[in-house]
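See below for upload-v8.txt, which holds compact mmCIF, C-alpha atoms.
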# COMPACT_ATOMS: atom_id res chain seq x y z
CA MET A 1 -86.89 58.39 4.74
CA ASN A 2 -85.08 56.19 7.26
CA GLY A 3 -85.02 52.39 7.51
CA MET A 4 -88.00 52.21 9.86
CA ASP A 5 -90.12 54.33 7.51
CA ARG A 6 -89.25 52.06 4.57
CA HIS A 7 -90.26 48.95 6.55
CA LEU A 8 -93.55 50.61 7.50
CA ARG A 9 -94.23 51.54 3.90
CA ASP A 10 -93.50 48.01 2.66
CA LEU A 11 -95.79 46.45 5.20
CA LEU A 12 -98.63 48.91 4.50
CA GLU A 13 -98.34 48.27 0.76
CA ALA A 14 -98.36 44.52 1.35
CA ALA A 15 -101.52 44.84 3.38
CA VAL A 16 -103.43 46.45 0.48
CA GLY A 17 -103.90 43.13 -1.30
CA GLU A 18 -105.15 41.30 1.81
CA PRO A 19 -108.81 41.07 2.83
CA PRO A 20 -109.94 44.32 4.36
CA HIS A 21 -109.24 44.56 8.05
CA ARG A 22 -108.10 47.18 10.47
CA VAL A 23 -104.36 47.82 10.28
CA SER A 24 -103.05 49.83 13.16
CA ALA A 25 -99.68 51.49 13.62
CA GLU A 26 -99.10 49.26 16.63
CA ALA A 27 -99.63 46.11 14.53
CA VAL A 28 -97.24 47.38 11.92
CA HIS A 29 -94.69 48.17 14.62
CA ARG A 30 -94.95 44.61 15.99
CA ARG A 31 -94.34 43.17 12.52
CA VAL A 32 -91.23 45.30 12.13
CA ILE A 33 -89.92 44.09 15.49
CA ARG A 34 -90.57 40.43 14.59
CA ARG A 35 -88.78 40.90 11.28
CA ARG A 36 -85.76 42.45 13.02
CA VAL A 37 -85.66 39.53 15.48
CA VAL A 38 -85.71 36.98 12.63
CA GLU A 39 -82.94 38.81 10.77
CA PHE A 40 -80.80 39.09 13.92
CA THR A 41 -81.28 35.38 14.76
CA ALA A 42 -80.31 34.29 11.23
CA GLY A 43 -77.18 36.44 11.40
CA ALA A 44 -76.19 35.02 14.78
CA VAL A 45 -76.58 31.45 13.50
CA ALA A 46 -74.38 32.22 10.49
CA VAL A 47 -71.67 33.74 12.69
CA ALA A 48 -71.74 30.72 15.01
CA ALA A 49 -71.42 28.34 12.05
CA LEU A 50 -68.40 30.24 10.74
CA ALA A 51 -66.83 30.15 14.19
CA VAL A 52 -66.97 26.34 14.05
CA ILE A 53 -66.00 25.89 10.39
CA ILE A 54 -62.99 28.22 10.26
CA PRO A 55 -60.89 26.50 13.01
CA VAL A 56 -61.71 23.06 11.60
CA GLY A 57 -60.74 24.17 8.11
CA ILE A 58 -57.49 25.73 9.32
CA GLY A 59 -56.62 22.58 11.24
CA ALA A 60 -57.27 20.38 8.21
CA LEU A 61 -55.16 22.67 6.03
CA ALA A 62 -52.31 22.56 8.53
CA ARG A 63 -52.43 18.77 8.62
CA THR A 64 -52.41 18.62 4.84
CA LEU A 65 -49.47 21.01 4.53
CA GLY A 66 -47.60 19.20 7.26
CA SER A 67 -47.98 15.80 5.63
CA SER A 68 -47.04 17.10 2.20
CA THR A 69 -43.85 18.77 3.43
CA THR A 70 -42.60 16.11 5.81
CA GLY A 71 -43.58 12.97 3.83
CA PRO A 72 -40.96 13.06 1.05
CA ALA A 73 -38.19 13.97 3.50
CA THR A 74 -38.85 11.05 5.85
CA ALA A 75 -36.06 8.47 5.69
CA ARG A 76 -36.11 4.79 6.62
CA MET A 77 -33.19 4.24 8.99
CA VAL A 78 -31.13 1.05 8.81
CA THR A 79 -28.30 0.21 11.20
CA SER A 80 -25.85 -2.47 10.14
CA ARG A 81 -25.74 -5.28 12.66
CA HIS A 82 -22.11 -6.22 11.96
CA TYR A 83 -20.55 -2.96 10.78
CA GLY A 84 -22.26 -0.33 12.91
CA TYR A 85 -22.93 2.32 10.26
CA THR A 86 -26.40 3.78 9.75
CA GLU A 87 -28.04 4.34 6.37
CA ALA A 88 -30.92 6.78 5.83
CA LEU A 89 -32.80 5.24 2.91
CA ARG A 90 -34.79 7.67 0.78
CA GLY A 91 -36.79 7.41 -2.41
CA ARG A 92 -36.70 3.94 -3.97
CA TRP A 93 -33.72 2.66 -1.99
CA ARG A 94 -34.48 -0.31 0.28
CA LEU A 95 -32.63 -2.89 2.32
CA VAL A 96 -32.55 -6.37 0.76
CA SER A 97 -30.55 -8.24 3.38
CA GLN A 98 -27.92 -7.76 6.06
CA ALA A 99 -24.68 -9.70 6.36
CA THR A 100 -25.01 -12.96 8.26
CA ARG A 101 -21.41 -12.77 9.47
CA PRO A 102 -18.67 -10.10 9.44
CA TRP A 103 -16.12 -9.80 6.67
CA ASP A 104 -12.58 -10.94 7.60
CA GLY A 105 -10.92 -8.42 5.28
CA THR A 106 -9.78 -10.93 2.66
CA GLY A 107 -10.89 -11.24 -0.95
CA ALA A 108 -13.33 -8.92 -2.70
CA PRO A 109 -16.91 -9.79 -1.66
CA GLY A 110 -19.54 -9.13 -4.32
CA TYR A 111 -23.18 -8.23 -3.96
CA ASP A 112 -24.16 -11.88 -3.43
CA ALA A 113 -21.71 -12.63 -0.58
CA ASN A 114 -23.09 -13.34 2.88
CA VAL A 115 -20.68 -10.84 4.46
CA VAL A 116 -22.24 -7.78 2.82
CA ASP A 117 -25.29 -5.64 3.55
CA LEU A 118 -27.22 -5.50 0.27
CA TYR A 119 -29.45 -2.64 -0.90
CA GLN A 120 -31.64 -2.21 -3.98
CA GLY A 121 -32.06 1.20 -5.60
CA PRO A 122 -33.86 2.74 -8.57
CA GLY A 123 -33.50 1.41 -12.10
CA GLY A 124 -31.72 -1.80 -11.12
CA VAL A 125 -28.91 -0.12 -9.16
CA GLN A 126 -27.54 -2.16 -6.27
CA ALA A 127 -25.25 -1.18 -3.42
CA TRP A 128 -23.51 -3.32 -0.86
CA ALA A 129 -21.33 -2.64 2.15
CA ASP A 130 -18.76 -4.34 4.32
CA ALA A 131 -16.01 -3.34 6.74
CA ALA A 132 -12.94 -4.76 8.45
CA PRO A 133 -10.27 -3.62 10.90
CA THR A 134 -7.23 -1.89 9.38
CA SER A 135 -4.09 -0.19 10.62
CA THR A 136 -3.51 1.73 7.38
CA ASN A 137 -4.58 5.20 6.28
CA LEU A 138 -7.20 6.02 3.64
CA GLU A 139 -4.78 6.10 0.71
CA ALA A 140 -3.20 2.75 1.49
CA TYR A 141 -6.53 1.09 2.28
CA THR A 142 -8.06 2.34 -0.99
CA ALA A 143 -5.10 0.94 -2.95
CA ARG A 144 -5.54 -2.40 -1.20
CA ILE A 145 -9.28 -2.55 -2.00
CA ILE A 146 -8.53 -1.80 -5.67
CA ARG A 147 -5.96 -4.62 -5.80
CA LEU A 148 -8.38 -7.07 -4.17
CA SER A 149 -11.18 -6.07 -6.56
CA ARG A 150 -9.00 -6.51 -9.64
CA ALA A 151 -7.74 -9.88 -8.36
CA GLY A 152 -11.18 -11.19 -7.44
CA HIS A 153 -12.98 -9.84 -10.51
CA PRO A 154 -11.65 -9.07 -14.01
CA CYS A 155 -11.91 -5.32 -13.47
CA SER A 156 -10.09 -2.56 -15.29
CA PRO A 157 -7.78 -0.10 -13.56
CA PRO A 158 -9.75 2.78 -12.03
CA GLN A 159 -11.10 5.09 -14.72
CA THR A 160 -12.25 7.68 -12.20
CA ASP A 161 -10.86 8.50 -8.77
CA GLN A 162 -12.15 11.37 -6.70
CA ALA A 163 -12.12 12.61 -3.14
CA ILE A 164 -15.51 12.66 -1.41
CA MET A 165 -16.92 12.68 2.12
CA ILE A 166 -18.83 9.80 3.71
CA GLY A 167 -20.55 10.48 7.03
CA GLY A 168 -18.26 13.46 7.63
CA ALA A 169 -15.08 11.44 7.00
CA PRO A 170 -12.69 11.79 4.02
CA ALA A 171 -13.22 9.05 1.42
CA ARG A 172 -12.29 7.99 -2.10
CA LEU A 173 -14.70 7.07 -4.88
CA VAL A 174 -13.28 5.03 -7.77
CA GLY A 175 -15.02 3.81 -10.91
CA MET A 176 -13.99 0.70 -12.85
CA GLN A 177 -15.31 -1.51 -15.62
CA CYS A 178 -15.89 -5.11 -14.61
CA PRO A 179 -14.90 -6.95 -16.71
CA ALA A 180 -12.45 -4.58 -18.38
CA GLY A 181 -13.73 -3.13 -21.65
CA SER A 182 -17.31 -4.22 -21.02
CA GLY A 183 -18.69 -0.79 -20.17
CA PHE A 184 -20.23 -2.35 -17.05
CA LEU A 185 -19.71 0.28 -14.34
CA VAL A 186 -18.72 -0.65 -10.80
CA GLU A 187 -18.13 2.13 -8.27
CA ILE A 188 -16.34 1.61 -4.97
CA ALA A 189 -16.30 4.12 -2.12
CA VAL A 190 -13.71 3.64 0.63
CA THR A 191 -13.24 5.38 3.97
CA VAL A 192 -11.34 4.68 7.20
CA ARG A 193 -12.61 5.64 10.63
CA HIS A 194 -11.13 4.76 14.02
CA GLY A 195 -9.20 1.75 12.73
CA THR A 196 -12.03 0.33 10.58
CA GLY A 197 -12.02 0.38 6.79
CA PHE A 198 -15.50 0.72 5.24
CA VAL A 199 -16.24 -0.30 1.66
CA PHE A 200 -19.43 0.67 -0.20
CA ALA A 201 -19.79 -0.62 -3.76
CA SER A 202 -22.39 -0.23 -6.49
CA GLN A 203 -23.37 -1.70 -9.84
CA ASN A 204 -26.45 -1.96 -12.05
CA SER A 205 -27.63 -5.56 -11.98
CA SER A 206 -29.92 -5.07 -14.98
CA GLY A 207 -27.00 -4.97 -17.40
CA ALA A 208 -27.29 -1.24 -18.03
CA THR A 209 -25.36 0.34 -20.87
CA PRO A 210 -22.91 3.25 -20.55
CA THR A 211 -25.75 5.64 -21.38
CA ASP A 212 -27.32 4.69 -18.04
CA GLN A 213 -24.19 5.49 -16.03
CA PRO A 214 -25.03 9.12 -15.14
CA GLY A 215 -28.28 7.98 -13.49
CA ASP A 216 -26.51 5.11 -11.73
CA ARG A 217 -23.81 7.43 -10.42
CA ALA A 218 -26.42 9.89 -9.16
CA ALA A 219 -28.36 7.11 -7.39
CA PHE A 220 -25.21 5.81 -5.67
CA SER A 221 -24.24 9.35 -4.69
CA LYS A 222 -27.61 9.75 -2.92
CA PHE A 223 -27.05 6.41 -1.19
CA LEU A 224 -23.63 7.51 0.07
CA ALA A 225 -25.11 10.80 1.31
CA GLY A 226 -27.34 8.85 3.69
CA ILE A 227 -24.49 7.05 5.48
CA ARG A 228 -23.54 7.87 9.08
CA LEU A 229 -20.44 6.17 10.44
CA PRO A 230 -20.23 4.84 14.01
CA PRO A 231 -18.71 7.29 16.51

Rewrite the structure from the file as structure tokens, please.
Amino acid sequence: MNGMDRHLRDLLEAAVGEPPHRVSAEAVHRRVIRRRVVEFTAGAVAVAALAVIIPVGIGALARTLGSSTTGPATARMVTSRHYGYTEALRGRWRLVSQATRPWDGTGAPGYDANVVDLYQGPGGVQAWADAAPTSTNLEAYTARIIRLSRAGHPCSPPQTDQAIMIGGAPARLVGMQCPAGSGFLVEIAVTVRHGTGFVFASQNSSGATPTDQPGDRAAFSKFLAGIRLPP
């Protein structure tokens, strides 16, 4: 028995319970045709609906994936008005204020001086930056910045001193306690590029204890990674 025979049988059986009337093969054949038309129309509507829904759904998914992958990586770019470097701020780092005048290279400006660009990071970590012309190399300029810092603030001799890179240029990163013996960490990163000495310093303004230092160091390291020096 093929499909047409089964449809004919179903229709003939359904007609048994109706009031008696003449059921012809032609009438049954018309019912089968109408039923096929209805089924075909319903299928066509479903296919058309899928054709509309699938592209829309794929587009929405692409937009969602795009925003989720690019959002966290987006940096807020800051260019120093007086010193020319660029900082790509990520995460909880933000600019607090820029220097109102350039540093003349004397003294040891702190975070509250008007010659520094000041940034606020996670967990109370602060960073500030300044720069001044120099005719010395990196080693001599780093030694000078350490002397100025110890003279201007009661800091200890450097407890850590390591070579790093800042914006593709060789640099030094030193760690001191200010005041000496307090456990209050201050880190200073120094680099020289095209006759300009750049100084980037960091401390935790919330009075963090030595147990907080690994997190503070990591936050400052991320800050330094976002620096691009002027060409």

Exercise for the section: Calculate how many Å separate atom CA of A:Trp103 from atom CA of A:Asp130, rounding to one decimal. Expected result: 6.5 Å

Box dimensions and centre (Å, one decimal) enclosing stretch 134-150 of chain A, axis-aligned, 4 Å extra per side, as AutoDock Vina command-line options:
--center_x -7.2 --center_y -0.5 --center_z 0.5 --size_x 16.0 --size_y 21.2 --size_z 28.3

Closest pair table for stretch 159-212 of chain A residues within 12 Å of stretch 216-225 of chain A, only C-alpha atoms, as JSON lines:
{"residue": "A:Thr160", "atom": "CA", "partner": "A:Arg217", "partner_atom": "CA", "distance": 11.7}
{"residue": "A:Ile164", "atom": "CA", "partner": "A:Leu224", "partner_atom": "CA", "distance": 9.7}
{"residue": "A:Met165", "atom": "CA", "partner": "A:Ala225", "partner_atom": "CA", "distance": 8.4}
{"residue": "A:Ile166", "atom": "CA", "partner": "A:Leu224", "partner_atom": "CA", "distance": 6.4}
{"residue": "A:Gly167", "atom": "CA", "partner": "A:Ala225", "partner_atom": "CA", "distance": 7.3}
{"residue": "A:Gly168", "atom": "CA", "partner": "A:Ala225", "partner_atom": "CA", "distance": 9.7}
{"residue": "A:Ala169", "atom": "CA", "partner": "A:Ala225", "partner_atom": "CA", "distance": 11.5}
{"residue": "A:Ala171", "atom": "CA", "partner": "A:Leu224", "partner_atom": "CA", "distance": 10.6}
{"residue": "A:Arg172", "atom": "CA", "partner": "A:Leu224", "partner_atom": "CA", "distance": 11.6}
{"residue": "A:Leu173", "atom": "CA", "partner": "A:Ser221", "partner_atom": "CA", "distance": 9.8}
{"residue": "A:Val174", "atom": "CA", "partner": "A:Arg217", "partner_atom": "CA", "distance": 11.1}
{"residue": "A:Gly175", "atom": "CA", "partner": "A:Arg217", "partner_atom": "CA", "distance": 9.5}
{"residue": "A:Phe184", "atom": "CA", "partner": "A:Asp216", "partner_atom": "CA", "distance": 11.1}
{"residue": "A:Leu185", "atom": "CA", "partner": "A:Asp216", "partner_atom": "CA", "distance": 8.7}
{"residue": "A:Val186", "atom": "CA", "partner": "A:Arg217", "partner_atom": "CA", "distance": 9.6}
{"residue": "A:Glu187", "atom": "CA", "partner": "A:Arg217", "partner_atom": "CA", "distance": 8.1}
{"residue": "A:Ile188", "atom": "CA", "partner": "A:Phe220", "partner_atom": "CA", "distance": 9.8}
{"residue": "A:Ala189", "atom": "CA", "partner": "A:Leu224", "partner_atom": "CA", "distance": 8.4}
{"residue": "A:Val190", "atom": "CA", "partner": "A:Leu224", "partner_atom": "CA", "distance": 10.7}
{"residue": "A:Thr191", "atom": "CA", "partner": "A:Leu224", "partner_atom": "CA", "distance": 11.3}
{"residue": "A:Phe198", "atom": "CA", "partner": "A:Leu224", "partner_atom": "CA", "distance": 11.8}
{"residue": "A:Val199", "atom": "CA", "partner": "A:Leu224", "partner_atom": "CA", "distance": 10.9}
{"residue": "A:Phe200", "atom": "CA", "partner": "A:Leu224", "partner_atom": "CA", "distance": 8.0}
{"residue": "A:Ala201", "atom": "CA", "partner": "A:Phe220", "partner_atom": "CA", "distance": 8.6}
{"residue": "A:Ser202", "atom": "CA", "partner": "A:Phe220", "partner_atom": "CA", "distance": 6.7}
{"residue": "A:Gln203", "atom": "CA", "partner": "A:Asp216", "partner_atom": "CA", "distance": 7.7}
{"residue": "A:Asn204", "atom": "CA", "partner": "A:Asp216", "partner_atom": "CA", "distance": 7.1}
{"residue": "A:Ser205", "atom": "CA", "partner": "A:Asp216", "partner_atom": "CA", "distance": 10.7}
{"residue": "A:Ser206", "atom": "CA", "partner": "A:Asp216", "partner_atom": "CA", "distance": 11.2}
{"residue": "A:Gly207", "atom": "CA", "partner": "A:Asp216", "partner_atom": "CA", "distance": 11.6}
{"residue": "A:Ala208", "atom": "CA", "partner": "A:Asp216", "partner_atom": "CA", "distance": 9.0}
{"residue": "A:Thr209", "atom": "CA", "partner": "A:Asp216", "partner_atom": "CA", "distance": 10.4}
{"residue": "A:Pro210", "atom": "CA", "partner": "A:Asp216", "partner_atom": "CA", "distance": 9.7}
{"residue": "A:Thr211", "atom": "CA", "partner": "A:Asp216", "partner_atom": "CA", "distance": 9.7}
{"residue": "A:Asp212", "atom": "CA", "partner": "A:Asp216", "partner_atom": "CA", "distance": 6.4}

Practice task
List the neighbours of A:Asp117 out to 10 Å using only C-alpha atoms; skip same-chain residues closer than 5 positions along the sequence, and give me the result as an NGL selection string.
Solution key: :A and (80-83 or 95-100 or 102 or 111-112 or 127-130 or 200)

Exercise for the section: Take atom CA of A:Asp161 and atom CA of A:Met77 and report the distance between them in Å, one decimal. Expected result: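 About the pair atom CA of A:Asp161 and atom CA of A:Met77: they are 28.8 Å apart.
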